[in-house]
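Below is one structure, written out as structure tokens; comments come after it.
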Amino acid sequence: DSRWEFVDAKNKAVNPKVHASVRDFAIFDRGEVITDRVINDPGTVYMICLSDPADLKPKCERKLANAAKQAYELGWEVMCLTSEPISEYPEMRFGDVTVKCYNMDATTMKTMLRAKVGVVVLHDGVIVDKSNCRDMSDYAPIPQYGLPDFN
């Protein structure tokens, strides 16, 4: 927009060993808490976050399908987080990829993502990226800017 002018940007090195304490951050698999497994396992986890899967719009579904396929091709674990009952959504199909669903509190998920639909990428238990579905590209759904090469 021509009304705005870029003034400055500041980058700060972050110690990856320092974890933010989100006391309500919990992931459930049919009542069993699996948060420690997700956070403590080495590697990359691609978390598709859907407040209500029934409200998923076709354009966003297409972006998430491309992203899920790309994440699987990179060898990442892909999971779907929703606040809806798992009995209704034990898994979701995103294009050619079927993803197991887990529960997370809706408020915690929206706080983490700042949106109702999007993705959060964890690497070795640290959030390295998060994207609102509206900000994801159809062609490069997994952002490549600023992310370390995890392979």
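Numbering starts fresh at 1 for the residues of each chain in the structure tokens, the chains themselves are lettered A, B, ... in the order given, and ligands are numbered from 1 as they appear.
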Query raised in the report: range 117-134 of chain A: which residues within 6 Å, counting only C-alpha atoms, same-chain residues fewer than 6 positions away excluded, as an NGL selection string?
Result: :A and (39-40 or 42-50 or 60)
**Report entry** Sel. of strand (DSSP E) residues, chain A, as a ChimeraX atom specification
**Finding:** /A:28-29,32-33,44-50,77-82,91-94,97-103,117-123,126-132
Could those selected residues go to a file with C-alpha atoms, as an mmCIF file, in the first residue's frame?
data_model
loop_
_atom_site.group_PDB
_atom_site.id
_atom_site.type_symbol
_atom_site.label_atom_id
_atom_site.label_comp_id
_atom_site.auth_asym_id
_atom_site.auth_seq_id
_atom_site.Cartn_x
_atom_site.Cartn_y
_atom_site.Cartn_z
ATOM 1 C CA PHE A 28 -5.246 -35.194 23.526
ATOM 2 C CA ASP A 29 -5.740 -38.510 21.756
ATOM 3 C CA GLU A 32 -4.941 -39.443 26.682
ATOM 4 C CA VAL A 33 -2.514 -36.527 26.920
ATOM 5 C CA THR A 44 9.429 -31.792 12.638
ATOM 6 C CA VAL A 45 5.692 -31.890 13.296
ATOM 7 C CA TYR A 46 3.269 -30.163 10.947
ATOM 8 C CA MET A 47 0.100 -29.369 12.899
ATOM 9 C CA ILE A 48 -2.972 -28.473 10.852
ATOM 10 C CA CYS A 49 -5.255 -26.524 13.187
ATOM 11 C CA LEU A 50 -9.003 -26.440 12.541
ATOM 12 C CA GLU A 77 4.852 -35.981 11.044
ATOM 13 C CA VAL A 78 1.516 -34.453 10.045
ATOM 14 C CA MET A 79 -1.377 -34.164 12.480
ATOM 15 C CA CYS A 80 -4.689 -32.354 12.611
ATOM 16 C CA LEU A 81 -5.695 -30.497 15.774
ATOM 17 C CA THR A 82 -9.335 -29.659 16.384
ATOM 18 C CA GLU A 91 -9.109 -38.388 10.801
ATOM 19 C CA MET A 92 -9.351 -35.844 8.008
ATOM 20 C CA ARG A 93 -8.592 -36.254 4.349
ATOM 21 C CA PHE A 94 -6.610 -33.453 2.740
ATOM 22 C CA VAL A 97 -3.294 -37.446 2.435
ATOM 23 C CA THR A 98 -5.260 -38.831 5.387
ATOM 24 C CA VAL A 99 -4.289 -37.183 8.680
ATOM 25 C CA LYS A 100 -5.098 -38.419 12.192
ATOM 26 C CA CYS A 101 -6.946 -35.870 14.328
ATOM 27 C CA TYR A 102 -6.242 -34.935 17.936
ATOM 28 C CA ASN A 103 -8.001 -32.606 20.341
ATOM 29 C CA VAL A 117 -7.639 -22.317 10.530
ATOM 30 C CA GLY A 118 -3.950 -22.628 9.750
ATOM 31 C CA VAL A 119 -0.774 -24.525 10.511
ATOM 32 C CA VAL A 120 1.899 -24.564 13.189
ATOM 33 C CA VAL A 121 5.293 -26.168 12.540
ATOM 34 C CA LEU A 122 7.293 -27.561 15.463
ATOM 35 C CA HIS A 123 10.899 -28.623 15.153
ATOM 36 C CA VAL A 126 10.041 -25.411 19.251
ATOM 37 C CA ILE A 127 7.552 -23.484 17.109
ATOM 38 C CA VAL A 128 9.486 -22.477 13.993
ATOM 39 C CA ASP A 129 6.581 -21.261 11.887
ATOM 40 C CA LYS A 130 2.861 -20.628 11.953
ATOM 41 C CA SER A 131 0.570 -19.520 9.169
ATOM 42 C CA ASN A 132 -3.041 -18.520 8.880
#
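The residues of range 78-143 of chain A that DSSP classifies as helix (DSSP H, G or I), using the backbone of this structure, are Ala106, Thr107, Thr108, Met109, Lys110, Thr111, Met112, Leu113, Cys133, Arg134 and Asp135 of chain A.
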Keeping only all heavy atoms, write those residues as a JSON list (two decimals), in the first residue's frame.
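Printed below is result.json as written:
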[["chain", "number", "residue", "atom", "x", "y", "z"],
["A", 106, "ALA", "N", -10.01, -25.07, 22.18],
["A", 106, "ALA", "CA", -10.19, -24.07, 21.12],
["A", 106, "ALA", "C", -9.49, -22.76, 21.45],
["A", 106, "ALA", "O", -8.86, -22.16, 20.58],
["A", 106, "ALA", "CB", -11.68, -23.83, 20.89],
["A", 107, "THR", "N", -9.58, -22.32, 22.69],
["A", 107, "THR", "CA", -8.94, -21.06, 23.07],
["A", 107, "THR", "C", -7.43, -21.15, 22.97],
["A", 107, "THR", "O", -6.77, -20.24, 22.46],
["A", 107, "THR", "CB", -9.35, -20.65, 24.50],
["A", 107, "THR", "OG1", -10.78, -20.58, 24.55],
["A", 107, "THR", "CG2", -8.74, -19.33, 24.90],
["A", 108, "THR", "N", -6.87, -22.26, 23.41],
["A", 108, "THR", "CA", -5.42, -22.46, 23.33],
["A", 108, "THR", "C", -4.97, -22.49, 21.88],
["A", 108, "THR", "O", -3.97, -21.87, 21.51],
["A", 108, "THR", "CB", -5.01, -23.78, 24.03],
["A", 108, "THR", "OG1", -5.47, -23.74, 25.37],
["A", 108, "THR", "CG2", -3.51, -23.98, 23.99],
["A", 109, "MET", "N", -5.73, -23.19, 21.03],
["A", 109, "MET", "CA", -5.36, -23.28, 19.62],
["A", 109, "MET", "C", -5.41, -21.91, 18.95],
["A", 109, "MET", "O", -4.51, -21.53, 18.22],
["A", 109, "MET", "CB", -6.29, -24.25, 18.88],
["A", 109, "MET", "CG", -5.87, -24.51, 17.46],
["A", 109, "MET", "SD", -6.75, -25.83, 16.59],
["A", 109, "MET", "CE", -8.18, -26.18, 17.53],
["A", 110, "LYS", "N", -6.46, -21.14, 19.23],
["A", 110, "LYS", "CA", -6.57, -19.80, 18.63],
["A", 110, "LYS", "C", -5.50, -18.86, 19.16],
["A", 110, "LYS", "O", -5.00, -18.01, 18.43],
["A", 110, "LYS", "CB", -7.96, -19.23, 18.88],
["A", 110, "LYS", "CG", -9.04, -19.92, 18.08],
["A", 110, "LYS", "CD", -10.40, -19.38, 18.45],
["A", 110, "LYS", "CE", -11.49, -20.30, 17.95],
["A", 110, "LYS", "NZ", -12.81, -19.94, 18.49],
["A", 111, "THR", "N", -5.12, -19.03, 20.42],
["A", 111, "THR", "CA", -4.04, -18.21, 20.99],
["A", 111, "THR", "C", -2.72, -18.54, 20.32],
["A", 111, "THR", "O", -1.94, -17.67, 19.97],
["A", 111, "THR", "CB", -3.93, -18.44, 22.51],
["A", 111, "THR", "OG1", -5.17, -18.09, 23.12],
["A", 111, "THR", "CG2", -2.80, -17.63, 23.12],
["A", 112, "MET", "N", -2.46, -19.84, 20.11],
["A", 112, "MET", "CA", -1.22, -20.29, 19.50],
["A", 112, "MET", "C", -1.14, -19.84, 18.04],
["A", 112, "MET", "O", -0.11, -19.34, 17.59],
["A", 112, "MET", "CB", -1.15, -21.82, 19.59],
["A", 112, "MET", "CG", 0.02, -22.45, 18.89],
["A", 112, "MET", "SD", 0.05, -24.25, 19.11],
["A", 112, "MET", "CE", -1.38, -24.79, 18.18],
["A", 113, "LEU", "N", -2.24, -19.97, 17.31],
["A", 113, "LEU", "CA", -2.24, -19.72, 15.87],
["A", 113, "LEU", "C", -2.69, -18.30, 15.52],
["A", 113, "LEU", "O", -2.30, -17.75, 14.50],
["A", 113, "LEU", "CB", -3.15, -20.73, 15.18],
["A", 113, "LEU", "CG", -3.22, -20.70, 13.67],
["A", 113, "LEU", "CD1", -1.83, -20.94, 13.06],
["A", 113, "LEU", "CD2", -4.20, -21.73, 13.16],
["A", 133, "CYS", "N", -4.38, -19.79, 7.31],
["A", 133, "CYS", "CA", -4.67, -20.37, 5.99],
["A", 133, "CYS", "C", -4.75, -19.29, 4.92],
["A", 133, "CYS", "O", -4.28, -19.48, 3.81],
["A", 133, "CYS", "CB", -5.98, -21.15, 6.04],
["A", 133, "CYS", "SG", -6.24, -22.15, 4.58],
["A", 134, "ARG", "N", -5.30, -18.15, 5.26],
["A", 134, "ARG", "CA", -5.44, -17.07, 4.28],
["A", 134, "ARG", "C", -4.08, -16.58, 3.77],
["A", 134, "ARG", "O", -3.96, -16.10, 2.66],
["A", 134, "ARG", "CB", -6.27, -15.95, 4.92],
["A", 134, "ARG", "CG", -5.81, -14.58, 4.70],
["A", 134, "ARG", "CD", -6.61, -13.54, 5.45],
["A", 134, "ARG", "NE", -5.85, -13.13, 6.62],
["A", 134, "ARG", "CZ", -6.30, -13.11, 7.85],
["A", 134, "ARG", "NH1", -7.52, -13.46, 8.12],
["A", 134, "ARG", "NH2", -5.53, -12.73, 8.82],
["A", 135, "ASP", "N", -3.01, -16.74, 4.58],
["A", 135, "ASP", "CA", -1.68, -16.28, 4.20],
["A", 135, "ASP", "C", -0.85, -17.33, 3.48],
["A", 135, "ASP", "O", 0.26, -17.06, 3.05],
["A", 135, "ASP", "CB", -0.92, -15.80, 5.44],
["A", 135, "ASP", "CG", -1.60, -14.64, 6.12],
["A", 135, "ASP", "OD1", -2.27, -13.85, 5.42],
["A", 135, "ASP", "OD2", -1.49, -14.52, 7.36]]
Query raised in the report: What does the distance between CA of Gln70 in chain A and CA of Gly95 in chain A come to in Å, to one decimal place?
Result: 11.4 Å
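Distance check against Lys63 in chain A using only C-alpha atoms: of A:Ser137, A:Ser87, A:Ser51, A:Thr35, the minimum falls on A:Ser137.
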Requested in this report: Could you please determine the separation between CA of Ile86 in chain A and CA of Ile34 in chain A in Å, to one decimal place?
Outcome: 14.4 Å
